[in-house]
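**Q** This is model.tsv (TSV, N, CA and C atoms).
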```tsv
chain	number	residue	atom	x	y	z
A	13	MET	N	-24.60	-0.23	-17.05
A	13	MET	CA	-24.23	0.28	-15.75
A	13	MET	C	-22.71	0.37	-15.67
A	14	ARG	N	-22.22	1.52	-15.24
A	14	ARG	CA	-20.79	1.76	-15.13
A	14	ARG	C	-20.27	1.27	-13.78
A	15	ARG	N	-19.16	0.58	-13.81
A	15	ARG	CA	-18.54	0.13	-12.57
A	15	ARG	C	-17.21	0.85	-12.40
A	16	ASP	N	-17.02	1.39	-11.22
A	16	ASP	CA	-15.76	2.07	-10.92
A	16	ASP	C	-14.80	1.07	-10.30
A	17	ARG	N	-13.56	1.21	-10.66
A	17	ARG	CA	-12.53	0.38	-10.07
A	17	ARG	C	-11.95	1.12	-8.87
A	18	ILE	N	-12.04	0.51	-7.73
A	18	ILE	CA	-11.52	1.12	-6.50
A	18	ILE	C	-10.16	0.51	-6.20
A	19	ILE	N	-9.18	1.37	-6.05
A	19	ILE	CA	-7.84	0.93	-5.70
A	19	ILE	C	-7.58	1.36	-4.27
A	20	ASN	N	-7.47	0.40	-3.38
A	20	ASN	CA	-7.25	0.69	-1.97
A	20	ASN	C	-6.11	-0.20	-1.48
A	21	GLN	N	-4.90	0.32	-1.57
A	21	GLN	CA	-3.73	-0.46	-1.17
A	21	GLN	C	-3.70	-0.64	0.34
A	22	ARG	N	-3.22	-1.77	0.79
A	22	ARG	CA	-3.11	-2.05	2.22
A	22	ARG	C	-2.01	-1.19	2.85
A	23	TYR	N	-0.90	-1.01	2.14
A	23	TYR	CA	0.23	-0.23	2.64
A	23	TYR	C	0.60	0.85	1.62
A	24	PRO	N	-0.12	1.98	1.63
A	24	PRO	CA	0.05	2.99	0.58
A	24	PRO	C	1.17	4.01	0.82
A	25	HIS	N	1.79	4.03	2.00
A	25	HIS	CA	2.77	5.07	2.32
A	25	HIS	C	4.20	4.53	2.29
A	26	HIS	N	5.15	5.44	2.15
A	26	HIS	CA	6.57	5.07	2.17
A	26	HIS	C	7.11	5.39	3.56
A	27	VAL	N	7.71	4.38	4.21
A	27	VAL	CA	8.19	4.51	5.58
A	27	VAL	C	9.69	4.27	5.63
A	28	LYS	N	10.37	5.10	6.41
A	28	LYS	CA	11.81	4.94	6.63
A	28	LYS	C	12.07	5.07	8.13
A	29	VAL	N	12.64	4.02	8.73
A	29	VAL	CA	12.95	4.01	10.16
A	29	VAL	C	14.47	4.12	10.29
A	30	VAL	N	14.93	5.14	11.03
A	30	VAL	CA	16.36	5.43	11.15
A	30	VAL	C	16.76	5.46	12.63
A	31	ARG	N	17.91	4.86	12.93
A	31	ARG	CA	18.46	4.94	14.29
A	31	ARG	C	19.75	5.75	14.22
A	32	VAL	N	19.83	6.79	15.05
A	32	VAL	CA	21.02	7.62	15.13
A	32	VAL	C	21.80	7.20	16.36
A	33	THR	N	23.04	6.83	16.16
A	33	THR	CA	23.90	6.45	17.29
A	33	THR	C	25.01	7.47	17.42
A	34	CYS	N	25.23	7.91	18.63
A	34	CYS	CA	26.27	8.90	18.90
A	34	CYS	C	27.55	8.20	19.31
A	35	PRO	N	28.70	8.77	18.97
A	35	PRO	CA	29.97	8.16	19.37
A	35	PRO	C	30.16	8.24	20.88
A	36	GLY	N	31.06	7.43	21.38
A	36	GLY	CA	31.35	7.45	22.82
A	36	GLY	C	32.01	8.74	23.24
A	37	TRP	N	32.06	8.95	24.53
A	37	TRP	CA	32.63	10.17	25.07
A	37	TRP	C	34.09	10.27	24.69
A	38	GLY	N	34.50	11.44	24.21
A	38	GLY	CA	35.90	11.68	23.85
A	38	GLY	C	36.27	11.28	22.44
A	39	GLU	N	35.35	10.65	21.70
A	39	GLU	CA	35.64	10.28	20.33
A	39	GLU	C	35.34	11.46	19.40
A	40	GLU	N	36.08	11.55	18.33
A	40	GLU	CA	35.98	12.69	17.42
A	40	GLU	C	35.01	12.46	16.25
A	41	THR	N	34.41	11.29	16.15
A	41	THR	CA	33.57	11.00	14.98
A	41	THR	C	32.17	11.59	15.12
A	42	GLU	N	31.51	11.69	13.99
A	42	GLU	CA	30.14	12.22	13.92
A	42	GLU	C	29.14	11.12	14.25
A	43	PRO	N	27.93	11.48	14.65
A	43	PRO	CA	26.89	10.47	14.85
A	43	PRO	C	26.61	9.71	13.56
A	44	THR	N	26.26	8.45	13.67
A	44	THR	CA	25.98	7.64	12.49
A	44	THR	C	24.50	7.30	12.43
A	45	GLU	N	23.99	7.23	11.20
A	45	GLU	CA	22.60	6.87	10.98
A	45	GLU	C	22.54	5.48	10.37
A	46	THR	N	21.69	4.63	10.94
A	46	THR	CA	21.48	3.29	10.42
A	46	THR	C	20.02	3.16	10.01
A	47	VAL	N	19.78	2.80	8.76
A	47	VAL	CA	18.41	2.63	8.28
A	47	VAL	C	17.97	1.21	8.67
A	48	LEU	N	16.96	1.13	9.54
A	48	LEU	CA	16.44	-0.16	10.00
A	48	LEU	C	15.40	-0.72	9.04
A	49	TYR	N	14.64	0.16	8.41
A	49	TYR	CA	13.62	-0.27	7.47
A	49	TYR	C	13.33	0.86	6.50
A	50	GLU	N	13.16	0.51	5.25
A	50	GLU	CA	12.70	1.47	4.25
A	50	GLU	C	11.84	0.71	3.26
A	51	GLY	N	10.61	1.14	3.12
A	51	GLY	CA	9.69	0.47	2.22
A	51	GLY	C	8.26	0.88	2.49
A	52	GLU	N	7.34	-0.01	2.12
A	52	GLU	CA	5.92	0.31	2.24
A	52	GLU	C	5.44	0.19	3.68
A	53	GLY	N	4.39	0.94	3.97
A	53	GLY	CA	3.79	0.92	5.29
A	53	GLY	C	2.49	1.70	5.28
A	54	ARG	N	1.89	1.83	6.45
A	54	ARG	CA	0.65	2.59	6.56
A	54	ARG	C	0.69	3.40	7.84
A	55	CYS	N	0.45	4.70	7.72
A	55	CYS	CA	0.45	5.61	8.86
A	55	CYS	C	-0.99	6.04	9.11
A	56	TYR	N	-1.42	5.97	10.38
A	56	TYR	CA	-2.79	6.33	10.69
A	56	TYR	C	-2.87	6.83	12.13
A	57	THR	N	-4.00	7.44	12.48
A	57	THR	CA	-4.23	7.92	13.84
A	57	THR	C	-5.35	7.09	14.46
A	58	ASN	N	-5.46	7.20	15.77
A	58	ASN	CA	-6.55	6.50	16.43
A	58	ASN	C	-7.70	7.44	16.76
A	59	GLY	N	-7.55	8.71	16.42
A	59	GLY	CA	-8.62	9.67	16.69
A	59	GLY	C	-8.83	9.93	18.17
A	60	GLY	N	-7.78	9.82	18.94
A	60	GLY	CA	-7.88	10.01	20.38
A	60	GLY	C	-8.15	11.45	20.77
A	61	VAL	N	-8.62	11.61	21.98
A	61	VAL	CA	-8.92	12.94	22.51
A	61	VAL	C	-8.10	13.11	23.78
A	62	GLU	N	-7.46	14.27	23.89
A	62	GLU	CA	-6.69	14.60	25.08
A	62	GLU	C	-7.30	15.87	25.67
A	63	GLY	N	-7.94	15.73	26.81
A	63	GLY	CA	-8.65	16.88	27.37
A	63	GLY	C	-9.86	17.19	26.53
A	64	LYS	N	-9.94	18.42	26.04
A	64	LYS	CA	-11.07	18.82	25.19
A	64	LYS	C	-10.66	18.96	23.73
A	65	GLN	N	-9.42	18.57	23.40
A	65	GLN	CA	-8.93	18.71	22.04
A	65	GLN	C	-8.61	17.34	21.45
A	66	VAL	N	-8.78	17.23	20.14
A	66	VAL	CA	-8.39	16.01	19.44
A	66	VAL	C	-6.88	15.99	19.33
A	67	ASP	N	-6.28	14.88	19.71
A	67	ASP	CA	-4.82	14.75	19.69
A	67	ASP	C	-4.38	14.30	18.31
A	68	ILE	N	-3.73	15.18	17.56
A	68	ILE	CA	-3.30	14.85	16.20
A	68	ILE	C	-1.81	14.55	16.13
A	69	THR	N	-1.14	14.50	17.25
A	69	THR	CA	0.31	14.28	17.20
A	69	THR	C	0.69	12.81	17.35
A	70	HIS	N	-0.21	11.96	17.79
A	70	HIS	CA	0.10	10.54	17.95
A	70	HIS	C	-0.26	9.78	16.68
A	71	ARG	N	0.65	8.94	16.22
A	71	ARG	CA	0.45	8.18	14.99
A	71	ARG	C	0.78	6.71	15.25
A	72	TYR	N	0.12	5.85	14.50
A	72	TYR	CA	0.47	4.44	14.45
A	72	TYR	C	1.05	4.19	13.07
A	73	ILE	N	2.07	3.36	13.01
A	73	ILE	CA	2.65	3.00	11.72
A	73	ILE	C	2.68	1.49	11.63
A	74	SER	N	2.04	0.96	10.63
A	74	SER	CA	1.99	-0.48	10.40
A	74	SER	C	3.00	-0.83	9.32
A	75	ILE	N	3.91	-1.75	9.65
A	75	ILE	CA	4.95	-2.18	8.71
A	75	ILE	C	4.72	-3.67	8.44
A	76	PRO	N	4.67	-4.08	7.16
A	76	PRO	CA	4.34	-5.47	6.85
A	76	PRO	C	5.51	-6.44	7.05
A	77	VAL	N	6.11	-6.41	8.22
A	77	VAL	CA	7.20	-7.33	8.56
A	77	VAL	C	6.85	-7.94	9.91
A	78	ARG	N	6.79	-9.26	9.96
A	78	ARG	CA	6.55	-9.92	11.25
A	78	ARG	C	7.69	-9.57	12.20
A	79	PHE	N	7.37	-9.45	13.48
A	79	PHE	CA	8.35	-9.01	14.46
A	79	PHE	C	9.53	-9.96	14.56
A	80	ASP	N	9.30	-11.26	14.34
A	80	ASP	CA	10.41	-12.22	14.41
A	80	ASP	C	11.18	-12.33	13.10
A	81	GLU	N	10.78	-11.57	12.07
A	81	GLU	CA	11.47	-11.59	10.78
A	81	GLU	C	12.40	-10.41	10.57
A	82	TRP	N	12.54	-9.54	11.56
A	82	TRP	CA	13.44	-8.39	11.42
A	82	TRP	C	14.86	-8.90	11.33
A	83	LYS	N	15.60	-8.38	10.37
A	83	LYS	CA	17.01	-8.74	10.23
A	83	LYS	C	17.83	-7.67	10.93
A	84	GLY	N	18.66	-8.06	11.86
A	84	GLY	CA	19.45	-7.07	12.60
A	84	GLY	C	18.61	-6.44	13.70
A	85	ALA	N	18.79	-5.14	13.87
A	85	ALA	CA	18.12	-4.41	14.95
A	85	ALA	C	16.64	-4.19	14.64
A	86	LYS	N	15.83	-4.27	15.69
A	86	LYS	CA	14.40	-3.98	15.58
A	86	LYS	C	14.17	-2.52	15.97
A	87	PRO	N	13.11	-1.88	15.45
A	87	PRO	CA	12.81	-0.52	15.88
A	87	PRO	C	12.53	-0.47	17.38
A	88	SER	N	12.94	0.61	18.01
A	88	SER	CA	12.67	0.77	19.43
A	88	SER	C	12.50	2.24	19.77
A	89	SER	N	12.20	2.50	21.01
A	89	SER	CA	11.95	3.86	21.47
A	89	SER	C	13.15	4.76	21.17
A	90	GLY	N	12.87	5.94	20.64
A	90	GLY	CA	13.91	6.90	20.33
A	90	GLY	C	14.32	6.92	18.87
A	91	ASP	N	13.95	5.91	18.09
A	91	ASP	CA	14.27	5.92	16.66
A	91	ASP	C	13.43	6.97	15.95
A	92	THR	N	13.90	7.39	14.79
A	92	THR	CA	13.20	8.40	13.98
A	92	THR	C	12.51	7.72	12.81
A	93	VAL	N	11.29	8.16	12.52
A	93	VAL	CA	10.53	7.62	11.40
A	93	VAL	C	10.16	8.76	10.47
A	94	GLU	N	10.39	8.55	9.18
A	94	GLU	CA	9.93	9.48	8.15
A	94	GLU	C	8.86	8.77	7.34
A	95	VAL	N	7.71	9.40	7.21
A	95	VAL	CA	6.61	8.81	6.46
A	95	VAL	C	6.23	9.76	5.34
A	96	ARG	N	6.23	9.26	4.11
A	96	ARG	CA	5.81	10.07	2.97
A	96	ARG	C	4.40	9.65	2.59
A	97	ILE	N	3.48	10.60	2.72
A	97	ILE	CA	2.08	10.39	2.38
A	97	ILE	C	1.77	11.32	1.23
A	98	GLY	N	1.83	10.82	0.02
A	98	GLY	CA	1.67	11.66	-1.15
A	98	GLY	C	2.82	12.65	-1.24
A	99	ALA	N	2.50	13.95	-1.19
A	99	ALA	CA	3.53	14.98	-1.27
A	99	ALA	C	3.96	15.48	0.11
A	100	ILE	N	3.43	14.91	1.17
A	100	ILE	CA	3.75	15.35	2.53
A	100	ILE	C	4.68	14.35	3.19
A	101	THR	N	5.70	14.86	3.86
A	101	THR	CA	6.60	14.01	4.64
A	101	THR	C	6.48	14.39	6.11
A	102	GLU	N	6.15	13.42	6.95
A	102	GLU	CA	6.07	13.63	8.38
A	102	GLU	C	7.26	12.97	9.06
A	103	THR	N	7.85	13.66	10.01
A	103	THR	CA	8.94	13.10	10.80
A	103	THR	C	8.45	12.93	12.22
A	104	MET	N	8.69	11.75	12.78
A	104	MET	CA	8.20	11.47	14.13
A	104	MET	C	9.17	10.58	14.87
A	105	GLU	N	8.95	10.47	16.17
A	105	GLU	CA	9.81	9.66	17.02
A	105	GLU	C	9.04	8.44	17.51
A	106	VAL	N	9.71	7.29	17.48
A	106	VAL	CA	9.10	6.06	17.97
A	106	VAL	C	9.04	6.12	19.49
A	107	LYS	N	7.86	5.87	20.05
A	107	LYS	CA	7.69	5.84	21.50
A	107	LYS	C	7.56	4.41	22.01
A	108	ASP	N	6.96	3.52	21.20
A	108	ASP	CA	6.78	2.14	21.60
A	108	ASP	C	6.50	1.32	20.34
A	109	PHE	N	6.49	0.01	20.48
A	109	PHE	CA	6.24	-0.88	19.35
A	109	PHE	C	5.62	-2.16	19.87
A	110	GLU	N	5.00	-2.91	18.96
A	110	GLU	CA	4.48	-4.22	19.34
A	110	GLU	C	4.32	-5.09	18.11
A	111	PRO	N	4.48	-6.39	18.29
A	111	PRO	CA	4.18	-7.31	17.19
A	111	PRO	C	2.67	-7.46	17.05
A	112	ASP	N	2.22	-7.67	15.84
A	112	ASP	CA	0.80	-7.86	15.57
A	112	ASP	C	0.69	-8.96	14.53
A	113	ASN	N	-0.50	-9.27	14.07
A	113	ASN	CA	-0.69	-10.34	13.09
A	113	ASN	C	0.07	-10.04	11.81
A	114	ASN	N	1.18	-10.73	11.60
A	114	ASN	CA	2.00	-10.61	10.38
A	114	ASN	C	2.46	-9.19	10.09
A	115	ARG	N	2.64	-8.39	11.12
A	115	ARG	CA	3.14	-7.03	10.92
A	115	ARG	C	3.75	-6.53	12.23
A	116	THR	N	4.37	-5.37	12.15
A	116	THR	CA	4.90	-4.68	13.32
A	116	THR	C	4.22	-3.32	13.39
A	117	VAL	N	3.76	-2.94	14.56
A	117	VAL	CA	3.10	-1.65	14.74
A	117	VAL	C	3.99	-0.76	15.60
A	118	LEU	N	4.28	0.44	15.10
A	118	LEU	CA	5.07	1.42	15.84
A	118	LEU	C	4.13	2.50	16.36
A	119	TYR	N	4.29	2.89	17.60
A	119	TYR	CA	3.54	3.99	18.18
A	119	TYR	C	4.47	5.19	18.20
A	120	CYS	N	4.05	6.26	17.53
A	120	CYS	CA	4.94	7.40	17.34
A	120	CYS	C	4.29	8.70	17.78
A	121	LYS	N	5.13	9.70	17.98
A	121	LYS	CA	4.66	11.04	18.27
A	121	LYS	C	5.29	11.97	17.24
A	122	ARG	N	4.43	12.70	16.55
A	122	ARG	CA	4.89	13.61	15.51
A	122	ARG	C	5.60	14.79	16.14
A	123	ASN	N	6.69	15.22	15.52
A	123	ASN	CA	7.50	16.32	16.03
A	123	ASN	C	6.88	17.67	15.71
A	124	GLY	N	5.81	17.70	14.97
A	124	GLY	CA	5.14	18.96	14.69
A	124	GLY	C	5.54	19.60	13.37
A	125	ASN	N	6.54	19.04	12.68
A	125	ASN	CA	6.96	19.65	11.42
A	125	ASN	C	6.48	18.79	10.25
A	126	LEU	N	5.93	19.47	9.25
A	126	LEU	CA	5.51	18.82	8.02
A	126	LEU	C	6.33	19.41	6.89
A	127	ASP	N	6.93	18.54	6.08
A	127	ASP	CA	7.68	19.00	4.92
A	127	ASP	C	6.77	18.88	3.70
A	128	LEU	N	6.38	20.03	3.14
A	128	LEU	CA	5.50	20.01	1.98
A	128	LEU	C	6.28	20.16	0.72
```
Let me see the structure of the file written as structure tokens.
**A**
Amino acid sequence: MRRDRIINQRYPHHVKVVRVTCPGWGEETEPTETVLYEGEGRCYTNGGVEGKQVDITHRYISIPVRFDEWKGAKPSSGDTVEVRIGAITETMEVKDFEPDNNRTVLYCKRNGNLDL
């Protein structure tokens, strides 16, 4: 009897969380980008329905970092998230976040653009 080996990683996607800060009024410098997190994660949907259509723009992102273990700034509303799922890169905006069992969950809304 042949047995297949199933590989099912807990965090199969590459996640990058970026915060863009704009300079103060009257300053001549460009906006700066700060990478808050870059590494493994998992992006998924909840299969929600809005009206009579399935809502495919809302995403959850699970990051394997406890909320109290973040070094420096924590992700918050308005940050940008890039998720690479195989050959597809999705860009989305963080709307909310919450601590969960040994991880942080980001609630995001996809901007509608997919980079193939």
**Q** May I ask which of the residues A:Arg15, A:Arg54, A:Lys64, A:Arg115 is the closest one to Pro76 of chain A, counting only C-alpha atoms?
**A**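 Looking only at the distances to Pro76 of chain A, the closest residue turns out to be A:Arg115.
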**Q** Using all atoms listed in the file, which residues sit within 7 Å of segment 80-94 of chain A once same-chain residues fewer than 2 positions away are excluded, as a PDB file with N, CA and C atoms, in the frame of the given file?
**A**
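Printed below is out-v3.pdb as written:
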```pdb
ATOM      1  N   HIS A  26       5.150   5.440   2.150  1.00  0.00           N
ATOM      2  CA  HIS A  26       6.570   5.070   2.170  1.00  0.00           C
ATOM      3  C   HIS A  26       7.110   5.390   3.560  1.00  0.00           C
ATOM      4  N   VAL A  27       7.710   4.380   4.210  1.00  0.00           N
ATOM      5  CA  VAL A  27       8.190   4.510   5.580  1.00  0.00           C
ATOM      6  C   VAL A  27       9.690   4.270   5.630  1.00  0.00           C
ATOM      7  N   LYS A  28      10.370   5.100   6.410  1.00  0.00           N
ATOM      8  CA  LYS A  28      11.810   4.940   6.630  1.00  0.00           C
ATOM      9  C   LYS A  28      12.070   5.070   8.130  1.00  0.00           C
ATOM     10  N   VAL A  29      12.640   4.020   8.730  1.00  0.00           N
ATOM     11  CA  VAL A  29      12.950   4.010  10.160  1.00  0.00           C
ATOM     12  C   VAL A  29      14.470   4.120  10.290  1.00  0.00           C
ATOM     13  N   VAL A  30      14.930   5.140  11.030  1.00  0.00           N
ATOM     14  CA  VAL A  30      16.360   5.430  11.150  1.00  0.00           C
ATOM     15  C   VAL A  30      16.760   5.460  12.630  1.00  0.00           C
ATOM     16  N   ARG A  31      17.910   4.860  12.930  1.00  0.00           N
ATOM     17  CA  ARG A  31      18.460   4.940  14.290  1.00  0.00           C
ATOM     18  C   ARG A  31      19.750   5.750  14.220  1.00  0.00           C
ATOM     19  N   VAL A  32      19.830   6.790  15.050  1.00  0.00           N
ATOM     20  CA  VAL A  32      21.020   7.620  15.130  1.00  0.00           C
ATOM     21  C   VAL A  32      21.800   7.200  16.360  1.00  0.00           C
ATOM     22  N   LEU A  48      16.960   1.130   9.540  1.00  0.00           N
ATOM     23  CA  LEU A  48      16.440  -0.160  10.000  1.00  0.00           C
ATOM     24  C   LEU A  48      15.400  -0.720   9.040  1.00  0.00           C
ATOM     25  N   VAL A  77       6.110  -6.410   8.220  1.00  0.00           N
ATOM     26  CA  VAL A  77       7.200  -7.330   8.560  1.00  0.00           C
ATOM     27  C   VAL A  77       6.850  -7.940   9.910  1.00  0.00           C
ATOM     28  N   ARG A  78       6.790  -9.260   9.960  1.00  0.00           N
ATOM     29  CA  ARG A  78       6.550  -9.920  11.250  1.00  0.00           C
ATOM     30  C   ARG A  78       7.690  -9.570  12.200  1.00  0.00           C
ATOM     31  N   ARG A  96       6.230   9.260   4.110  1.00  0.00           N
ATOM     32  CA  ARG A  96       5.810  10.070   2.970  1.00  0.00           C
ATOM     33  C   ARG A  96       4.400   9.650   2.590  1.00  0.00           C
ATOM     34  N   THR A 101       5.700  14.860   3.860  1.00  0.00           N
ATOM     35  CA  THR A 101       6.600  14.010   4.640  1.00  0.00           C
ATOM     36  C   THR A 101       6.480  14.390   6.110  1.00  0.00           C
ATOM     37  N   GLU A 102       6.150  13.420   6.950  1.00  0.00           N
ATOM     38  CA  GLU A 102       6.070  13.630   8.380  1.00  0.00           C
ATOM     39  C   GLU A 102       7.260  12.970   9.060  1.00  0.00           C
ATOM     40  N   THR A 103       7.850  13.660  10.010  1.00  0.00           N
ATOM     41  CA  THR A 103       8.940  13.100  10.800  1.00  0.00           C
ATOM     42  C   THR A 103       8.450  12.930  12.220  1.00  0.00           C
ATOM     43  N   MET A 104       8.690  11.750  12.780  1.00  0.00           N
ATOM     44  CA  MET A 104       8.200  11.470  14.130  1.00  0.00           C
ATOM     45  C   MET A 104       9.170  10.580  14.870  1.00  0.00           C
ATOM     46  N   GLU A 105       8.950  10.470  16.170  1.00  0.00           N
ATOM     47  CA  GLU A 105       9.810   9.660  17.020  1.00  0.00           C
ATOM     48  C   GLU A 105       9.040   8.440  17.510  1.00  0.00           C
ATOM     49  N   VAL A 106       9.710   7.290  17.480  1.00  0.00           N
ATOM     50  CA  VAL A 106       9.100   6.060  17.970  1.00  0.00           C
ATOM     51  C   VAL A 106       9.040   6.120  19.490  1.00  0.00           C
ATOM     52  N   LYS A 107       7.860   5.870  20.050  1.00  0.00           N
ATOM     53  CA  LYS A 107       7.690   5.840  21.500  1.00  0.00           C
ATOM     54  C   LYS A 107       7.560   4.410  22.010  1.00  0.00           C
ATOM     55  N   ASP A 108       6.960   3.520  21.200  1.00  0.00           N
ATOM     56  CA  ASP A 108       6.780   2.140  21.600  1.00  0.00           C
ATOM     57  C   ASP A 108       6.500   1.320  20.340  1.00  0.00           C
ATOM     58  N   PHE A 109       6.490   0.010  20.480  1.00  0.00           N
ATOM     59  CA  PHE A 109       6.240  -0.880  19.350  1.00  0.00           C
ATOM     60  C   PHE A 109       5.620  -2.160  19.870  1.00  0.00           C
TER      61      PHE A 109
END
```
**Q** With a distance cut-off of 6.5 Å and only N, CA and C atoms, select the neighbouring residues of Ile75 of chain A, excluding the residue or stretch itself and same-chain residues fewer than 5 positions from it, and output the selection as a PDB file with N, CA and C atoms, in the frame of the given file.
**A**
```pdb
ATOM      1  N   GLU A  52       7.340  -0.010   2.120  1.00  0.00           N
ATOM      2  CA  GLU A  52       5.920   0.310   2.240  1.00  0.00           C
ATOM      3  C   GLU A  52       5.440   0.190   3.680  1.00  0.00           C
ATOM      4  N   GLY A  53       4.390   0.940   3.970  1.00  0.00           N
ATOM      5  CA  GLY A  53       3.790   0.920   5.290  1.00  0.00           C
ATOM      6  C   GLY A  53       2.490   1.700   5.280  1.00  0.00           C
ATOM      7  N   ARG A  54       1.890   1.830   6.450  1.00  0.00           N
ATOM      8  CA  ARG A  54       0.650   2.590   6.560  1.00  0.00           C
ATOM      9  C   ARG A  54       0.690   3.400   7.840  1.00  0.00           C
ATOM     10  N   ASN A 114       1.180 -10.730  11.600  1.00  0.00           N
ATOM     11  CA  ASN A 114       2.000 -10.610  10.380  1.00  0.00           C
ATOM     12  C   ASN A 114       2.460  -9.190  10.090  1.00  0.00           C
ATOM     13  N   ARG A 115       2.640  -8.390  11.120  1.00  0.00           N
ATOM     14  CA  ARG A 115       3.140  -7.030  10.920  1.00  0.00           C
ATOM     15  C   ARG A 115       3.750  -6.530  12.230  1.00  0.00           C
ATOM     16  N   THR A 116       4.370  -5.370  12.150  1.00  0.00           N
ATOM     17  CA  THR A 116       4.900  -4.680  13.320  1.00  0.00           C
ATOM     18  C   THR A 116       4.220  -3.320  13.390  1.00  0.00           C
ATOM     19  N   VAL A 117       3.760  -2.940  14.560  1.00  0.00           N
ATOM     20  CA  VAL A 117       3.100  -1.650  14.740  1.00  0.00           C
ATOM     21  C   VAL A 117       3.990  -0.760  15.600  1.00  0.00           C
ATOM     22  N   LEU A 118       4.280   0.440  15.100  1.00  0.00           N
ATOM     23  CA  LEU A 118       5.070   1.420  15.840  1.00  0.00           C
ATOM     24  C   LEU A 118       4.130   2.500  16.360  1.00  0.00           C
TER      25      LEU A 118
END
```
**Q** Could you tell me how far atom CA of Phe79 of chain A sits from atom CA of Asn58 of chain A, in Å to one decimal place?
**A**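 Atom-to-atom, atom CA of Asn58 of chain A to atom CA of Phe79 of chain A, that is 21.6 Å.
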**Q** Would you please work out which residue, of A:Ser74, A:Cys34, A:Arg122, A:Val47, is nearest to Arg22 of chain A when using only C-alpha atoms?
**A** A:Ser74
**Q** From segment 52-101 of chain A, collect each residue whose DSSP state is strand (DSSP E) and return the set as a list in words.
**A**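 Written out, the strand (DSSP E) residues of segment 52-101 of chain A are Glu52, Gly53, Arg54, Cys55, Tyr56, Val61, Glu62, Gln65, Val66, His70, Arg71, Tyr72, Ile73, Ser74, Ile75, Thr92, Val93, Glu94, Val95, Arg96, Ile97, Ile100 and Thr101 of chain A.
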**Q** Could you write out that same residue set with N, CA and C atoms as a compact mmCIF listing (two decimals), keeping the file's coordinate frame?
**A**
```txt
# COMPACT_ATOMS: atom_id res chain seq x y z
N GLU A 52 7.34 -0.01 2.12
CA GLU A 52 5.92 0.31 2.24
C GLU A 52 5.44 0.19 3.68
N GLY A 53 4.39 0.94 3.97
CA GLY A 53 3.79 0.92 5.29
C GLY A 53 2.49 1.70 5.28
N ARG A 54 1.89 1.83 6.45
CA ARG A 54 0.65 2.59 6.56
C ARG A 54 0.69 3.40 7.84
N CYS A 55 0.45 4.70 7.72
CA CYS A 55 0.45 5.61 8.86
C CYS A 55 -0.99 6.04 9.11
N TYR A 56 -1.42 5.97 10.38
CA TYR A 56 -2.79 6.33 10.69
C TYR A 56 -2.87 6.83 12.13
N VAL A 61 -8.62 11.61 21.98
CA VAL A 61 -8.92 12.94 22.51
C VAL A 61 -8.10 13.11 23.78
N GLU A 62 -7.46 14.27 23.89
CA GLU A 62 -6.69 14.60 25.08
C GLU A 62 -7.30 15.87 25.67
N GLN A 65 -9.42 18.57 23.40
CA GLN A 65 -8.93 18.71 22.04
C GLN A 65 -8.61 17.34 21.45
N VAL A 66 -8.78 17.23 20.14
CA VAL A 66 -8.39 16.01 19.44
C VAL A 66 -6.88 15.99 19.33
N HIS A 70 -0.21 11.96 17.79
CA HIS A 70 0.10 10.54 17.95
C HIS A 70 -0.26 9.78 16.68
N ARG A 71 0.65 8.94 16.22
CA ARG A 71 0.45 8.18 14.99
C ARG A 71 0.78 6.71 15.25
N TYR A 72 0.12 5.85 14.50
CA TYR A 72 0.47 4.44 14.45
C TYR A 72 1.05 4.19 13.07
N ILE A 73 2.07 3.36 13.01
CA ILE A 73 2.65 3.00 11.72
C ILE A 73 2.68 1.49 11.63
N SER A 74 2.04 0.96 10.63
CA SER A 74 1.99 -0.48 10.40
C SER A 74 3.00 -0.83 9.32
N ILE A 75 3.91 -1.75 9.65
CA ILE A 75 4.95 -2.18 8.71
C ILE A 75 4.72 -3.67 8.44
N THR A 92 13.90 7.39 14.79
CA THR A 92 13.20 8.40 13.98
C THR A 92 12.51 7.72 12.81
N VAL A 93 11.29 8.16 12.52
CA VAL A 93 10.53 7.62 11.40
C VAL A 93 10.16 8.76 10.47
N GLU A 94 10.39 8.55 9.18
CA GLU A 94 9.93 9.48 8.15
C GLU A 94 8.86 8.77 7.34
N VAL A 95 7.71 9.40 7.21
CA VAL A 95 6.61 8.81 6.46
C VAL A 95 6.23 9.76 5.34
N ARG A 96 6.23 9.26 4.11
CA ARG A 96 5.81 10.07 2.97
C ARG A 96 4.40 9.65 2.59
N ILE A 97 3.48 10.60 2.72
CA ILE A 97 2.08 10.39 2.38
C ILE A 97 1.77 11.32 1.23
N ILE A 100 3.43 14.91 1.17
CA ILE A 100 3.75 15.35 2.53
C ILE A 100 4.68 14.35 3.19
N THR A 101 5.70 14.86 3.86
CA THR A 101 6.60 14.01 4.64
C THR A 101 6.48 14.39 6.11
```
